Every structure is written in structure tokens, then in C-alpha cells.
Amino acid sequence: MIPLIASSLNRLRGRLTHELHELPILLLEAHSACNCRCVMCDIWKANADRRELTRSDLERHVDAIRSLGVTRIVLTGGEPLLHSNLWALCDLLRGEGARITLLTTGILLPRAADAVARHVDEVIVSIDGSREVHDAIRRVAGGFDRITEGMGKLRRAAPSMGIGVRSVIQRANFRDLPNIVTACQGLESSWVSFLAADLTSTAFNRPVPWDRNRIADVALAADDLPELAHAIEATEHRHHDAIASGFIVGGSRALWRLHAYYAAHAGLSRFPPVRCNAPWVSAVMEADGSVKPCFFHPAYGTTKDRDLRSVVNSAAARTFRAQLDTRRNETCRRCVCSLHLGLFECGRF
């Protein structure tokens, strides 16, 4: 109880002074490249410029990770399983007592399942539809079947591990919403969460925001909204138990938030309110050393010549947090993925 109270006081002090005494969640871009070519993401377009976070890169920040009290490490990318020695990073991080979450496309799980079971505490797999829809969006032939095989192997290797699914709902798959839940149940996942597609930021390897035509390829238009509402209602009817049990994270409210987001983007309403304190409780460190407050805001520093603690508490970082009003900032208002960690919550992504 005493460590929890001390941690909460540190977090509250950080919120008031904008100097971080504690950083519960650290997201690490283990590898910058990706093995999918998703229609709603541009990460794969930079695959020729592959970068990965090495163990020696990470060793420089062990003291900072320890002093900041990081309890949850999220391995992201790109695709972390493309890393040449991901398990060396995991061994180093687990030696510091951090729990590790792996975000993955799932394509490489069939060959990596046993190692993942030994080195990781939680896995979140990206699935964007039932078999044919998913493979069309990811543009990887047989991708869904590989995920099915890999998740099965992982479940057998680690029966009690949390294995979740994250699905991005957009123009190419919104009609498939009820079938996505069915597919996830067939994969024996622990839960599924749904997000709208990010349409306006420079996240996910976009040098500049998408133009109008590119947005139109991914976004739901006003004419699509009645069909989305029908898909949500069908999901509520067919998967009442999945909503009641919490299998669908956020339940009906999360599903209807998708509708509200795309309605706002179409100019029919305001964007749904975002409750987020990510810049005060987490940070994203990319493979090149850049540090961001979250995926969607620009970097406020680099670890090339400083350790992580120095960067997250640099003048630029503190100024950013001091000036950020997540209720009014345009990037935050349009955000599809908020993180809010309460004073007495432990780090969980």
C-alpha cells in the first residue's frame, strides 16, 4: 500500500509540475519495418530504411527506466517480431521487473510462439476482419490463417496468457464488424477492442497529413453511417454475451464511439470527448532514439546524447505538457486512441 501511495503522489506531482517523477508505461519501437501493407497505414512504405532498437541502445536507459518506475513496457513498431534479437531486449527489461506487452501483426507468431510465451506477459494481435476481409486490408495472402495458427500455438504454450485483439474499423471492414467478433471468439482471444482509423495526424510514418483523396479511401462518409449503425446493432444482438462479459472492451459504448467519430469527421457532429493523460504517464521511444509523448504528437527530444529521464524532463517536454490541453488541442480532439491512467492504477496498455 505504501509504494502505491508514493507512486500516486509522484504521478500527481508530475501532473501539477509537468516534471515526470514516474513513468508507468514506456512504448518502445523495437523495429521500424512491417510485414503487412495495410491500406490505412504507411509504416510499410519506409521498409527500405529499416531500424531496430539494439540491446546496447537500451542498456543506456536501464537506470532511467528503473528510476522512473516503469512497470509496463509495450513493444511496438512496425513489427517487433522482425527484430534480429528481440528476446535480448525482453530479458533486459524483465530483469528490471517490467511486464511486457507485445503488439504484433501476428504473421510471425507460428514460428515465434514458444519464444513469445517465455519472454512476454501479454500479446495484442492486430486483426481487421474475418478471413477474406482481413487479408484484403493487410494485403498479405494467407495472413489470417497464419494468425490462427500462431495464436493457437501461443495459447497452448501459455494457457493463462492474456492474448487480445485490436481491430481498426474503417471503410473496408465496417460492414464486417459482427463477423470480426465471431472470428476473435474462434481464435480464443481474451478480448477484442475496436478503434477508428487515424485520419488526420502524422503518426504511422506519414511525413505530412493525408490529403483529401487519401482520407476518403479510409474514412466512412456520411452515407455510410446508417450501415455502420446497422452493423453495430447487429453486433449488439449477435454478441450480447460478449458485451456483457467484457470480451468486447468498452462494450456498446466503444462501438457507438466509432459511429460518433466518423459522424464528426463527416461534419455532422462534434468529435466525442477524449479523456487522456498519456503525456504525463507514458512515452514512446522510437528505434532512432526519438521520444514522443504519444503516437500522435511530434517528438520533443532524442536519446542520442541523453538518457530517457533527461529527455522526458527536458525543457521542451515540460513546456509541451504545460501548454497541452487535451480537451482543446486539435490532435487530441481527433484522437482515436486515448490513454487515461488513474492515480491508483498500475501501468497497463
# chains A, B, ... in the order shown; residues from 1 in each chain; ligands from 1
call {"tool": "residues_around", "arguments": {"residues": "Ala222 in chain A", "least_positions_apart": "6", "cutoff": "8 Å", "atoms": "only C-alpha atoms", "output": "number ranges by chain"}}
result
A: 262-263, 266, 268
call {"tool": "write_last_selection", "arguments": {"atoms": "C-alpha atoms", "output": "PDB file, in the first residue's frame"}}
result
ATOM      1  CA  TYR A 262     -16.917   9.152 -38.202  1.00  0.00           C
ATOM      2  CA  ALA A 263     -20.018  11.338 -37.882  1.00  0.00           C
ATOM      3  CA  ALA A 266     -18.172  13.929 -41.832  1.00  0.00           C
ATOM      4  CA  LEU A 268     -22.346  16.044 -38.693  1.00  0.00           C
TER       5      LEU A 268
END
call {"tool": "select_by_dssp", "arguments": {"residues": "range 216-344 of chain A", "states": "alpha helix (DSSP H)", "output": "PyMOL selection string"}}
result
chain A and resi 216-218+225-238+240-244+251-265+278-281+308-312+315-323+330-333
call {"tool": "closest_residue", "arguments": {"among": "A:Ala283, A:Ala219, A:Ala254, A:Leu102", "to": "Val70 in chain A", "atoms": "only C-alpha atoms"}}
result
A:Ala283
call {"tool": "closest_atom_pairs", "arguments": {"of": "range 6-104 of chain A", "to": "range 135-154 of chain A", "cutoff": "6 Å", "atoms": "only C-alpha atoms", "output": "CSV"}}
result
residue,atom,partner,partner_atom,distance
A:Cys36,CA,A:Arg138,CA,5.5
A:Arg37,CA,A:Arg138,CA,5.4
A:Cys38,CA,A:Arg138,CA,4.3
A:Val39,CA,A:Ile137,CA,5.8
call {"tool": "closest_residue", "arguments": {"among": "A:Glu52, A:Gly164, A:Ala317, A:Cys34", "to": "Ile107 in chain A", "atoms": "only C-alpha atoms"}}
result
A:Cys34
call {"tool": "residues_around", "arguments": {"residues": "Asn85 in chain A", "least_positions_apart": "4", "cutoff": "10 Å", "atoms": "only C-alpha atoms", "output": "list in words"}}
result
Ala30, Glu52, Leu53, Thr54, Arg55, Pro80, Leu81, Leu89 and Cys90 of chain A
call {"tool": "write_last_selection", "arguments": {"atoms": "all heavy atoms", "output": "PDB file, in the first residue's frame"}}
result
ATOM      1  N   ALA A  30      10.492  -1.357 -31.297  1.00  0.00           N
ATOM      2  CA  ALA A  30      11.582  -2.323 -31.383  1.00  0.00           C
ATOM      3  C   ALA A  30      12.144  -2.417 -32.789  1.00  0.00           C
ATOM      4  O   ALA A  30      13.356  -2.575 -32.984  1.00  0.00           O
ATOM      5  CB  ALA A  30      11.090  -3.693 -30.928  1.00  0.00           C
ATOM      6  N   GLU A  52      16.277  -0.819 -35.944  1.00  0.00           N
ATOM      7  CA  GLU A  52      15.818  -1.554 -34.778  1.00  0.00           C
ATOM      8  C   GLU A  52      16.563  -1.077 -33.541  1.00  0.00           C
ATOM      9  O   GLU A  52      17.687  -0.571 -33.621  1.00  0.00           O
ATOM     10  CB  GLU A  52      15.980  -3.061 -34.965  1.00  0.00           C
ATOM     11  CG  GLU A  52      17.379  -3.581 -35.046  1.00  0.00           C
ATOM     12  CD  GLU A  52      17.413  -5.115 -35.166  1.00  0.00           C
ATOM     13  OE1 GLU A  52      16.455  -5.713 -35.682  1.00  0.00           O
ATOM     14  OE2 GLU A  52      18.421  -5.705 -34.704  1.00  0.00           O
ATOM     15  N   LEU A  53      15.885  -1.217 -32.416  1.00  0.00           N
ATOM     16  CA  LEU A  53      16.450  -0.838 -31.122  1.00  0.00           C
ATOM     17  C   LEU A  53      17.338  -1.974 -30.642  1.00  0.00           C
ATOM     18  O   LEU A  53      16.876  -3.100 -30.483  1.00  0.00           O
ATOM     19  CB  LEU A  53      15.314  -0.584 -30.136  1.00  0.00           C
ATOM     20  CG  LEU A  53      15.661   0.000 -28.775  1.00  0.00           C
ATOM     21  CD1 LEU A  53      16.171   1.416 -28.926  1.00  0.00           C
ATOM     22  CD2 LEU A  53      14.412  -0.025 -27.887  1.00  0.00           C
ATOM     23  N   THR A  54      18.610  -1.712 -30.436  1.00  0.00           N
ATOM     24  CA  THR A  54      19.536  -2.767 -30.019  1.00  0.00           C
ATOM     25  C   THR A  54      19.604  -2.853 -28.500  1.00  0.00           C
ATOM     26  O   THR A  54      19.197  -1.932 -27.781  1.00  0.00           O
ATOM     27  CB  THR A  54      20.939  -2.508 -30.561  1.00  0.00           C
ATOM     28  OG1 THR A  54      21.490  -1.344 -29.923  1.00  0.00           O
ATOM     29  CG2 THR A  54      20.922  -2.272 -32.075  1.00  0.00           C
ATOM     30  N   ARG A  55      20.141  -3.959 -28.022  1.00  0.00           N
ATOM     31  CA  ARG A  55      20.313  -4.116 -26.579  1.00  0.00           C
ATOM     32  C   ARG A  55      21.237  -3.039 -26.030  1.00  0.00           C
ATOM     33  O   ARG A  55      20.983  -2.481 -24.951  1.00  0.00           O
ATOM     34  CB  ARG A  55      20.883  -5.509 -26.251  1.00  0.00           C
ATOM     35  CG  ARG A  55      21.033  -5.729 -24.755  1.00  0.00           C
ATOM     36  CD  ARG A  55      21.612  -7.087 -24.410  1.00  0.00           C
ATOM     37  NE  ARG A  55      21.905  -7.158 -22.987  1.00  0.00           N
ATOM     38  CZ  ARG A  55      21.180  -7.796 -22.091  1.00  0.00           C
ATOM     39  NH1 ARG A  55      20.091  -8.443 -22.460  1.00  0.00           N
ATOM     40  NH2 ARG A  55      21.531  -7.815 -20.814  1.00  0.00           N
ATOM     41  N   PRO A  80       7.489  -5.818 -34.164  1.00  0.00           N
ATOM     42  CA  PRO A  80       8.585  -6.185 -33.260  1.00  0.00           C
ATOM     43  C   PRO A  80       9.209  -7.541 -33.556  1.00  0.00           C
ATOM     44  O   PRO A  80      10.413  -7.733 -33.340  1.00  0.00           O
ATOM     45  CB  PRO A  80       7.921  -6.180 -31.878  1.00  0.00           C
ATOM     46  CG  PRO A  80       6.746  -5.279 -32.020  1.00  0.00           C
ATOM     47  CD  PRO A  80       6.257  -5.466 -33.420  1.00  0.00           C
ATOM     48  N   LEU A  81       8.419  -8.490 -34.057  1.00  0.00           N
ATOM     49  CA  LEU A  81       8.956  -9.832 -34.289  1.00  0.00           C
ATOM     50  C   LEU A  81       9.907  -9.900 -35.485  1.00  0.00           C
ATOM     51  O   LEU A  81      10.519 -10.937 -35.734  1.00  0.00           O
ATOM     52  CB  LEU A  81       7.813 -10.843 -34.467  1.00  0.00           C
ATOM     53  CG  LEU A  81       6.981 -11.113 -33.215  1.00  0.00           C
ATOM     54  CD1 LEU A  81       5.844 -12.081 -33.520  1.00  0.00           C
ATOM     55  CD2 LEU A  81       7.844 -11.643 -32.073  1.00  0.00           C
ATOM     56  N   LEU A  89      16.288  -7.995 -25.701  1.00  0.00           N
ATOM     57  CA  LEU A  89      15.651  -6.805 -25.118  1.00  0.00           C
ATOM     58  C   LEU A  89      14.702  -7.209 -23.997  1.00  0.00           C
ATOM     59  O   LEU A  89      14.669  -6.584 -22.936  1.00  0.00           O
ATOM     60  CB  LEU A  89      14.870  -6.044 -26.197  1.00  0.00           C
ATOM     61  CG  LEU A  89      15.601  -5.531 -27.431  1.00  0.00           C
ATOM     62  CD1 LEU A  89      14.659  -4.645 -28.256  1.00  0.00           C
ATOM     63  CD2 LEU A  89      16.854  -4.764 -27.064  1.00  0.00           C
ATOM     64  N   CYS A  90      13.925  -8.267 -24.246  1.00  0.00           N
ATOM     65  CA  CYS A  90      12.961  -8.718 -23.236  1.00  0.00           C
ATOM     66  C   CYS A  90      13.660  -9.169 -21.955  1.00  0.00           C
ATOM     67  O   CYS A  90      13.217  -8.849 -20.846  1.00  0.00           O
ATOM     68  CB  CYS A  90      12.114  -9.854 -23.802  1.00  0.00           C
ATOM     69  SG  CYS A  90      10.996  -9.354 -25.125  1.00  0.00           S
TER      70      CYS A  90
END
call {"tool": "select_by_dssp", "arguments": {"residues": "range 82-281 of chain A", "states": "strand (DSSP E or B)", "output": "list in words"}}
result
Arg99, Ile100, Thr101, Leu102, Leu103, Thr104, Glu122, Val123, Ile124, Val125, Ser126, Gly162, Ile163, Gly164, Val165, Arg166, Ser167, Val168, Ile169, Trp191, Val192, Ser193, Phe194, Leu195, Ala196 and Ile248 of chain A
call {"tool": "closest_atom_pairs", "arguments": {"of": "range 196-280 of chain A", "to": "range 323-330 of chain A", "cutoff": "8 Å", "atoms": "only C-alpha atoms", "output": "JSON lines"}}
result
{"residue": "A:Pro273", "atom": "CA", "partner": "A:Arg327", "partner_atom": "CA", "distance": 7.2}
{"residue": "A:Val274", "atom": "CA", "partner": "A:Arg327", "partner_atom": "CA", "distance": 6.7}
{"residue": "A:Arg275", "atom": "CA", "partner": "A:Thr326", "partner_atom": "CA", "distance": 7.6}
{"residue": "A:Cys276", "atom": "CA", "partner": "A:Thr326", "partner_atom": "CA", "distance": 6.9}
call {"tool": "residues_around", "arguments": {"residues": "Ile65 in chain A", "least_positions_apart": "3", "cutoff": "9 Å", "atoms": "only C-alpha atoms", "output": "list in words"}}
result
Leu23, Leu26, His61, Val62, Leu68, Gly69, Val70, Thr71, Leu93, Glu96, Leu308 and Arg309 of chain A
call {"tool": "atom_distance", "arguments": {"atom1": "CA of Tyr300 in chain A", "atom2": "CA of Arg66 in chain A"}}
result
21.3 Å
call {"tool": "atom_distance", "arguments": {"atom1": "CA of Ala231 in chain A", "atom2": "CA of Arg175 in chain A"}}
result
5.8 Å
call {"tool": "atom_distance", "arguments": {"atom1": "CA of Ile248 in chain A", "atom2": "CA of Val168 in chain A"}}
result
13.5 Å
call {"tool": "residues_around", "arguments": {"residues": "His119 in chain A", "least_positions_apart": "5", "cutoff": "12 Å", "atoms": "only C-alpha atoms", "output": "ChimeraX atom specification"}}
result
/A:75,85-95,98-102,112-114,154,157-158,161
call {"tool": "closest_atom_pairs", "arguments": {"of": "range 106-205 of chain A", "to": "range 289-298 of chain A", "cutoff": "9 Å", "atoms": "only C-alpha atoms", "output": "Markdown table"}}
result
| residue | atom | partner | partner_atom | distance |
| --- | --- | --- | --- | --- |
| A:Ser201 | CA | A:Phe296 | CA | 6.1 |
| A:Thr202 | CA | A:Phe296 | CA | 6.7 |
| A:Ala203 | CA | A:Phe296 | CA | 5.1 |
| A:Phe204 | CA | A:Phe295 | CA | 7.8 |
call {"tool": "closest_residue", "arguments": {"among": "A:Arg131, A:His31, A:Arg334, A:Arg321", "to": "Thr17 in chain A", "atoms": "only C-alpha atoms"}}
result
A:Arg321
call {"tool": "closest_residue", "arguments": {"among": "A:Val181, A:Ala316, A:Ile25, A:Ile127", "to": "Arg166 in chain A", "atoms": "only C-alpha atoms"}}
result
A:Ile127
call {"tool": "closest_residue", "arguments": {"among": "A:Leu109, A:Gly78, A:Asp288, A:Cys184", "to": "Asp305 in chain A", "atoms": "only C-alpha atoms"}}
result
A:Asp288
call {"tool": "residues_around", "arguments": {"residues": "Ile232 in chain A", "least_positions_apart": "6", "cutoff": "12 Å", "atoms": "only C-alpha atoms", "output": "PyMOL selection string"}}
result
chain A and resi 169+174-181+194+225-226+238-240+243+251-260
call {"tool": "write_last_selection", "arguments": {"atoms": "N, CA and C atoms", "output": "mmCIF file, in the first residue's frame"}}
result
data_model
loop_
_atom_site.group_PDB
_atom_site.id
_atom_site.type_symbol
_atom_site.label_atom_id
_atom_site.label_comp_id
_atom_site.auth_asym_id
_atom_site.auth_seq_id
_atom_site.Cartn_x
_atom_site.Cartn_y
_atom_site.Cartn_z
ATOM 1 N N ILE A 169 -11.466 -0.106 -37.343
ATOM 2 C CA ILE A 169 -12.659 -0.100 -38.179
ATOM 3 C C ILE A 169 -12.607 1.091 -39.131
ATOM 4 N N PHE A 174 -16.082 -2.022 -42.109
ATOM 5 C CA PHE A 174 -17.074 -1.710 -41.078
ATOM 6 C C PHE A 174 -18.308 -2.604 -41.170
ATOM 7 N N ARG A 175 -18.647 -3.055 -42.375
ATOM 8 C CA ARG A 175 -19.794 -3.954 -42.513
ATOM 9 C C ARG A 175 -19.512 -5.330 -41.909
ATOM 10 N N ASP A 176 -18.238 -5.637 -41.713
ATOM 11 C CA ASP A 176 -17.809 -6.945 -41.207
ATOM 12 C C ASP A 176 -17.741 -6.984 -39.678
ATOM 13 N N LEU A 177 -18.154 -5.917 -39.021
ATOM 14 C CA LEU A 177 -17.984 -5.784 -37.575
ATOM 15 C C LEU A 177 -18.488 -6.996 -36.780
ATOM 16 N N PRO A 178 -19.715 -7.475 -36.999
ATOM 17 C CA PRO A 178 -20.149 -8.649 -36.211
ATOM 18 C C PRO A 178 -19.291 -9.879 -36.470
ATOM 19 N N ASN A 179 -18.826 -10.019 -37.724
ATOM 20 C CA ASN A 179 -18.015 -11.187 -38.069
ATOM 21 C C ASN A 179 -16.625 -11.117 -37.445
ATOM 22 N N ILE A 180 -16.132 -9.902 -37.205
ATOM 23 C CA ILE A 180 -14.828 -9.761 -36.554
ATOM 24 C C ILE A 180 -14.899 -10.336 -35.137
ATOM 25 N N VAL A 181 -15.981 -10.027 -34.441
ATOM 26 C CA VAL A 181 -16.144 -10.562 -33.084
ATOM 27 C C VAL A 181 -16.211 -12.085 -33.128
ATOM 28 N N PHE A 194 -11.883 -2.147 -30.326
ATOM 29 C CA PHE A 194 -12.080 -1.524 -31.634
ATOM 30 C C PHE A 194 -11.682 -0.055 -31.592
ATOM 31 N N LEU A 225 -22.855 5.970 -42.683
ATOM 32 C CA LEU A 225 -23.158 5.915 -41.257
ATOM 33 C C LEU A 225 -24.390 5.075 -40.911
ATOM 34 N N PRO A 226 -25.476 5.116 -41.717
ATOM 35 C CA PRO A 226 -26.591 4.214 -41.389
ATOM 36 C C PRO A 226 -26.190 2.738 -41.434
ATOM 37 N N ARG A 238 -26.113 -10.074 -31.873
ATOM 38 C CA ARG A 238 -25.462 -11.378 -32.013
ATOM 39 C C ARG A 238 -24.477 -11.672 -30.896
ATOM 40 N N HIS A 239 -23.915 -10.601 -30.315
ATOM 41 C CA HIS A 239 -22.834 -10.800 -29.347
ATOM 42 C C HIS A 239 -23.156 -10.135 -28.015
ATOM 43 N N HIS A 240 -24.413 -10.289 -27.602
ATOM 44 C CA HIS A 240 -24.818 -9.718 -26.312
ATOM 45 C C HIS A 240 -23.942 -10.246 -25.182
ATOM 46 N N ILE A 243 -20.506 -8.666 -25.034
ATOM 47 C CA ILE A 243 -20.552 -7.314 -24.471
ATOM 48 C C ILE A 243 -20.705 -7.390 -22.956
ATOM 49 N N GLY A 251 -17.581 -2.352 -24.420
ATOM 50 C CA GLY A 251 -18.956 -2.709 -24.730
ATOM 51 C C GLY A 251 -19.591 -1.837 -25.799
ATOM 52 N N SER A 252 -20.905 -1.664 -25.685
ATOM 53 C CA SER A 252 -21.647 -0.906 -26.685
ATOM 54 C C SER A 252 -21.155 0.535 -26.796
ATOM 55 N N ARG A 253 -20.729 1.106 -25.677
ATOM 56 C CA ARG A 253 -20.257 2.488 -25.714
ATOM 57 C C ARG A 253 -19.077 2.648 -26.667
ATOM 58 N N ALA A 254 -18.152 1.684 -26.634
ATOM 59 C CA ALA A 254 -16.993 1.756 -27.521
ATOM 60 C C ALA A 254 -17.407 1.594 -28.978
ATOM 61 N N LEU A 255 -18.391 0.739 -29.231
ATOM 62 C CA LEU A 255 -18.852 0.548 -30.610
ATOM 63 C C LEU A 255 -19.521 1.811 -31.143
ATOM 64 N N TRP A 256 -20.358 2.428 -30.338
ATOM 65 C CA TRP A 256 -21.035 3.637 -30.805
ATOM 66 C C TRP A 256 -20.097 4.836 -30.872
ATOM 67 N N ARG A 257 -18.964 4.748 -30.159
ATOM 68 C CA ARG A 257 -17.963 5.819 -30.292
ATOM 69 C C ARG A 257 -17.379 5.835 -31.704
ATOM 70 N N LEU A 258 -17.274 4.671 -32.326
ATOM 71 C CA LEU A 258 -16.837 4.610 -33.721
ATOM 72 C C LEU A 258 -17.779 5.427 -34.602
ATOM 73 N N HIS A 259 -19.055 5.254 -34.376
ATOM 74 C CA HIS A 259 -20.057 5.987 -35.146
ATOM 75 C C HIS A 259 -19.925 7.487 -34.898
ATOM 76 N N ALA A 260 -19.746 7.851 -33.633
ATOM 77 C CA ALA A 260 -19.626 9.272 -33.300
ATOM 78 C C ALA A 260 -18.385 9.891 -33.942
#
call {"tool": "decode", "arguments": {"residues": "range 161-186 of chain A", "atoms": "C-alpha atoms", "output": "tab-separated table (two decimals), in the first residue's frame"}}
result
chain	number	residue	atom	x	y	z
A	161	MET	CA	-1.51	-15.51	-21.01
A	162	GLY	CA	-3.67	-12.53	-21.95
A	163	ILE	CA	-3.95	-12.60	-25.75
A	164	GLY	CA	-6.07	-9.76	-27.05
A	165	VAL	CA	-7.10	-8.48	-30.46
A	166	ARG	CA	-7.14	-4.88	-31.64
A	167	SER	CA	-9.16	-4.03	-34.74
A	168	VAL	CA	-9.23	-0.76	-36.68
A	169	ILE	CA	-12.66	-0.10	-38.18
A	170	GLN	CA	-12.71	1.84	-41.44
A	171	ARG	CA	-14.32	1.90	-44.86
A	172	ALA	CA	-13.04	-1.51	-45.97
A	173	ASN	CA	-14.32	-3.50	-42.99
A	174	PHE	CA	-17.07	-1.71	-41.08
A	175	ARG	CA	-19.79	-3.95	-42.51
A	176	ASP	CA	-17.81	-6.94	-41.21
A	177	LEU	CA	-17.98	-5.78	-37.58
A	178	PRO	CA	-20.15	-8.65	-36.21
A	179	ASN	CA	-18.01	-11.19	-38.07
A	180	ILE	CA	-14.83	-9.76	-36.55
A	181	VAL	CA	-16.14	-10.56	-33.08
A	182	THR	CA	-17.06	-14.08	-34.21
A	183	ALA	CA	-13.61	-14.55	-35.70
A	184	CYS	CA	-11.91	-13.39	-32.49
A	185	GLN	CA	-14.00	-15.78	-30.42
A	186	GLY	CA	-12.90	-18.59	-32.71
